[in-house]
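Just below is one structure, and these are the notes that go with it.
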Amino acid sequence: RDAKMARIQYEVIEYEPLLDSADMCPGDWSTIAKDVATHHDNYDGFVVILGTDTMAYCASALSFMLEGLSKPVILTGSMVPFCEAHSDARRNLILSLIFAAGLVGHVRYHHTPPEVLIFFHDRLLRGSRASKMDALGLAAFDSPNFPPLATVGVSIRDNFEKAMSDTHHISSHYYNGCSAMLKMETRIVVVRVVPGFHDAALAACFASPSLKAVVI
């Protein structure tokens with residue numbers, strides 16, 4: 001951010017090869033986390049552009065992978081491709097950049113929470129609480145059990161009192177900067193138990209020697 005001109009200056013990093021978000025896996029999330037941690041002190045914020053299929057999973061993973069985060073990391077994308085005249089990509093991207101830089105128009109905005117966030121359509125959501133709720137509508141993401149941290153209409157209405165604590169306020173004696181936890185265990189099974197579920201199925205799952213954990 002250029003403080004004198006109140007304008008956003010940005011740098012673009014593009015990954016090769018470009019991936020459909022449905023093909024993204026923990027290794028790709030680790031790449032994003034590593035880049036954010038590496039460049040953490042050089043920027044006011046970060047915007048990650050990706051497809052919507054695994055956006056909520058990526059946001060949740062980054063929330064736990066990035067330790068000591070003191071800048072906002074905002075994930076965004078679109079439901080309609082950027083090349084289409086009626087695409088929602090432009091608005092989502094512009095507002096994500098505004099939130100990442102802490103600017104609205106030519107005025108310094110309230111400090112955007114230093115969290116992993118999703119901005120989509122008209123709301124800023126905590127990444128670890130967001131889910132894709134609609135595969136056809138433009139307001140595709142929501143956090144049903146947690147309020148948006150900001151909503152955008154004619155004006156921006158923030159709810160930043162719900163934000164996590166800001167590491168800017170932590171003494172430099174204790175703050176060691178941002179780091180990324182890159183090692184992720186993928187040999188985990190998540191089981192949704194319903195009434196009448198037979199425990200024999202779980203017993204067979206537990207018997208696998210390659211299984212590290214089961215979440216029920």
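By order of appearance in the structure tokens: chains A, B, ..., then residues from 1 within every chain, and ligands from 1 in the order shown.
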Extract, using only C-alpha atoms, all DNA, RNA and protein residues at most 12 Å from A:Leu50, discarding same-chain residues fewer than 4 positions from it, and format them as a PyMOL selection string. chain A and resi 14-15+18-24+28-29+32+54-59+74-79+81-82+89+92-93+118-120
Which residues in stretch 121-169 of chain A does DSSP call strand (DSSP E)? List them as a PyMOL selection string. chain A and resi 123-126+131-132+141-142+150-152+156-158
Write the selection just made, keeping N, CA, C and O atoms, as a PDB file, in the first residue's frame?
ATOM      1  N   ARG A 123     -19.798 -10.508   1.451  1.00  0.00           N
ATOM      2  CA  ARG A 123     -19.445 -10.764   2.848  1.00  0.00           C
ATOM      3  C   ARG A 123     -18.026 -11.266   3.012  1.00  0.00           C
ATOM      4  O   ARG A 123     -17.488 -11.965   2.161  1.00  0.00           O
ATOM      5  N   LEU A 124     -17.436 -10.869   4.135  1.00  0.00           N
ATOM      6  CA  LEU A 124     -16.101 -11.305   4.520  1.00  0.00           C
ATOM      7  C   LEU A 124     -16.268 -12.328   5.635  1.00  0.00           C
ATOM      8  O   LEU A 124     -16.811 -12.018   6.701  1.00  0.00           O
ATOM      9  N   LEU A 125     -15.794 -13.553   5.396  1.00  0.00           N
ATOM     10  CA  LEU A 125     -16.039 -14.669   6.301  1.00  0.00           C
ATOM     11  C   LEU A 125     -14.744 -15.205   6.885  1.00  0.00           C
ATOM     12  O   LEU A 125     -13.707 -15.203   6.209  1.00  0.00           O
ATOM     13  N   ARG A 126     -14.805 -15.658   8.117  1.00  0.00           N
ATOM     14  CA  ARG A 126     -13.654 -16.350   8.699  1.00  0.00           C
ATOM     15  C   ARG A 126     -13.441 -17.662   7.944  1.00  0.00           C
ATOM     16  O   ARG A 126     -14.357 -18.463   7.767  1.00  0.00           O
ATOM     17  N   SER A 131     -18.304 -22.268   4.577  1.00  0.00           N
ATOM     18  CA  SER A 131     -18.663 -23.430   3.756  1.00  0.00           C
ATOM     19  C   SER A 131     -19.304 -22.942   2.465  1.00  0.00           C
ATOM     20  O   SER A 131     -19.922 -21.874   2.433  1.00  0.00           O
ATOM     21  N   LYS A 132     -19.156 -23.738   1.420  1.00  0.00           N
ATOM     22  CA  LYS A 132     -19.869 -23.437   0.180  1.00  0.00           C
ATOM     23  C   LYS A 132     -21.285 -23.967   0.318  1.00  0.00           C
ATOM     24  O   LYS A 132     -21.500 -25.164   0.479  1.00  0.00           O
ATOM     25  N   PHE A 141     -20.970 -18.644  -0.590  1.00  0.00           N
ATOM     26  CA  PHE A 141     -20.342 -19.015   0.679  1.00  0.00           C
ATOM     27  C   PHE A 141     -21.023 -18.331   1.853  1.00  0.00           C
ATOM     28  O   PHE A 141     -21.510 -17.204   1.746  1.00  0.00           O
ATOM     29  N   ASP A 142     -21.025 -19.042   2.964  1.00  0.00           N
ATOM     30  CA  ASP A 142     -21.571 -18.488   4.192  1.00  0.00           C
ATOM     31  C   ASP A 142     -20.913 -19.207   5.364  1.00  0.00           C
ATOM     32  O   ASP A 142     -20.225 -20.214   5.187  1.00  0.00           O
ATOM     33  N   ALA A 150     -17.534  -8.850   7.938  1.00  0.00           N
ATOM     34  CA  ALA A 150     -17.921  -7.594   7.278  1.00  0.00           C
ATOM     35  C   ALA A 150     -18.921  -7.921   6.182  1.00  0.00           C
ATOM     36  O   ALA A 150     -18.889  -9.020   5.611  1.00  0.00           O
ATOM     37  N   THR A 151     -19.801  -6.980   5.918  1.00  0.00           N
ATOM     38  CA  THR A 151     -20.726  -7.094   4.795  1.00  0.00           C
ATOM     39  C   THR A 151     -20.628  -5.819   3.966  1.00  0.00           C
ATOM     40  O   THR A 151     -20.408  -4.729   4.503  1.00  0.00           O
ATOM     41  N   VAL A 152     -20.811  -5.973   2.661  1.00  0.00           N
ATOM     42  CA  VAL A 152     -20.636  -4.858   1.731  1.00  0.00           C
ATOM     43  C   VAL A 152     -21.955  -4.559   1.039  1.00  0.00           C
ATOM     44  O   VAL A 152     -22.562  -5.434   0.413  1.00  0.00           O
ATOM     45  N   ILE A 156     -19.526  -0.282   3.797  1.00  0.00           N
ATOM     46  CA  ILE A 156     -18.961  -1.492   4.386  1.00  0.00           C
ATOM     47  C   ILE A 156     -19.255  -1.485   5.871  1.00  0.00           C
ATOM     48  O   ILE A 156     -18.895  -0.548   6.586  1.00  0.00           O
ATOM     49  N   ARG A 157     -19.946  -2.519   6.327  1.00  0.00           N
ATOM     50  CA  ARG A 157     -20.286  -2.650   7.740  1.00  0.00           C
ATOM     51  C   ARG A 157     -19.420  -3.758   8.328  1.00  0.00           C
ATOM     52  O   ARG A 157     -19.563  -4.923   7.952  1.00  0.00           O
ATOM     53  N   ASP A 158     -18.530  -3.376   9.234  1.00  0.00           N
ATOM     54  CA  ASP A 158     -17.630  -4.380   9.793  1.00  0.00           C
ATOM     55  C   ASP A 158     -18.162  -4.941  11.108  1.00  0.00           C
ATOM     56  O   ASP A 158     -18.979  -4.321  11.786  1.00  0.00           O
TER      57      ASP A 158
END
What parts of stretch 69-98 of chain A does DSSP call alpha helix (DSSP H)? I'd like the answer as number ranges by chain. A: 89-98
Could you turn the residues from that selection into a file that holds N, CA, C and O atoms, as a short mmCIF file (atom, residue, chain, number, x, y, z; two decimals), in the first residue's frame?
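What landed in out_0.cif:
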data_model
loop_
_atom_site.label_atom_id
_atom_site.label_comp_id
_atom_site.auth_asym_id
_atom_site.auth_seq_id
_atom_site.Cartn_x
_atom_site.Cartn_y
_atom_site.Cartn_z
N ALA A 89 -16.37 -12.04 -10.86
CA ALA A 89 -14.96 -12.09 -10.48
C ALA A 89 -14.39 -10.71 -10.22
O ALA A 89 -13.60 -10.52 -9.28
N ARG A 90 -14.72 -9.73 -11.04
CA ARG A 90 -14.13 -8.40 -10.91
C ARG A 90 -14.45 -7.79 -9.55
O ARG A 90 -13.56 -7.28 -8.85
N ARG A 91 -15.70 -7.82 -9.17
CA ARG A 91 -16.10 -7.23 -7.89
C ARG A 91 -15.47 -7.97 -6.72
O ARG A 91 -14.98 -7.35 -5.77
N ASN A 92 -15.49 -9.28 -6.78
CA ASN A 92 -14.89 -10.06 -5.69
C ASN A 92 -13.41 -9.77 -5.54
O ASN A 92 -12.89 -9.62 -4.43
N LEU A 93 -12.71 -9.66 -6.67
CA LEU A 93 -11.28 -9.40 -6.64
C LEU A 93 -10.99 -8.00 -6.12
O LEU A 93 -10.11 -7.80 -5.27
N ILE A 94 -11.71 -7.00 -6.63
CA ILE A 94 -11.47 -5.62 -6.22
C ILE A 94 -11.71 -5.44 -4.73
O ILE A 94 -10.90 -4.84 -4.01
N LEU A 95 -12.80 -5.99 -4.22
CA LEU A 95 -13.09 -5.84 -2.80
C LEU A 95 -12.12 -6.63 -1.94
O LEU A 95 -11.78 -6.21 -0.83
N SER A 96 -11.65 -7.76 -2.44
CA SER A 96 -10.64 -8.52 -1.70
C SER A 96 -9.35 -7.73 -1.58
O SER A 96 -8.71 -7.70 -0.52
N LEU A 97 -8.96 -7.05 -2.67
CA LEU A 97 -7.76 -6.20 -2.63
C LEU A 97 -7.95 -5.04 -1.67
O LEU A 97 -7.01 -4.65 -0.94
N ILE A 98 -9.13 -4.46 -1.65
CA ILE A 98 -9.42 -3.36 -0.73
C ILE A 98 -9.29 -3.82 0.72
O ILE A 98 -8.66 -3.15 1.54
#
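Computed from the coordinates, the atom CA of A:Ser179 to atom CA of A:His111 distance equals 21.4 Å.
In this comparison, which uses only C-alpha atoms, the residue of A:Phe160, A:Val73, A:Val36, A:Ile216 approaching A:Val190 most closely is A:Ile216.
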Could you please determine the separation between atom CA of A:Leu202 and atom CA of A:Val215 in Å, to one decimal place? 10.9 Å
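In this model, the gap between atom CA of A:Asn176 and atom CA of A:Glu67 comes to 9.6 Å.
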Selected residue, from A:Ala201, A:Val193, A:Leu69, A:Leu138, that lies nearest to A:Asp41 when counting only C-alpha atoms: A:Leu69
List the spatial neighbours of A:Thr186 as a PyMOL selection string - criterion: any atom at most 12 Å away, only C-alpha atoms, same-chain residues fewer than 6 positions off excluded. chain A and resi 25-27+210-214
Which residue out of A:Phe146, A:Phe99, A:Tyr10, A:Phe206 has the minimum interatomic distance to A:Pro113 when only C-alpha atoms are used? A:Phe99
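Minimum distance to A:Gly102 across A:Lys34, A:Lys71, A:His39, A:Arg129 (counting only C-alpha atoms) occurs at A:Lys71.
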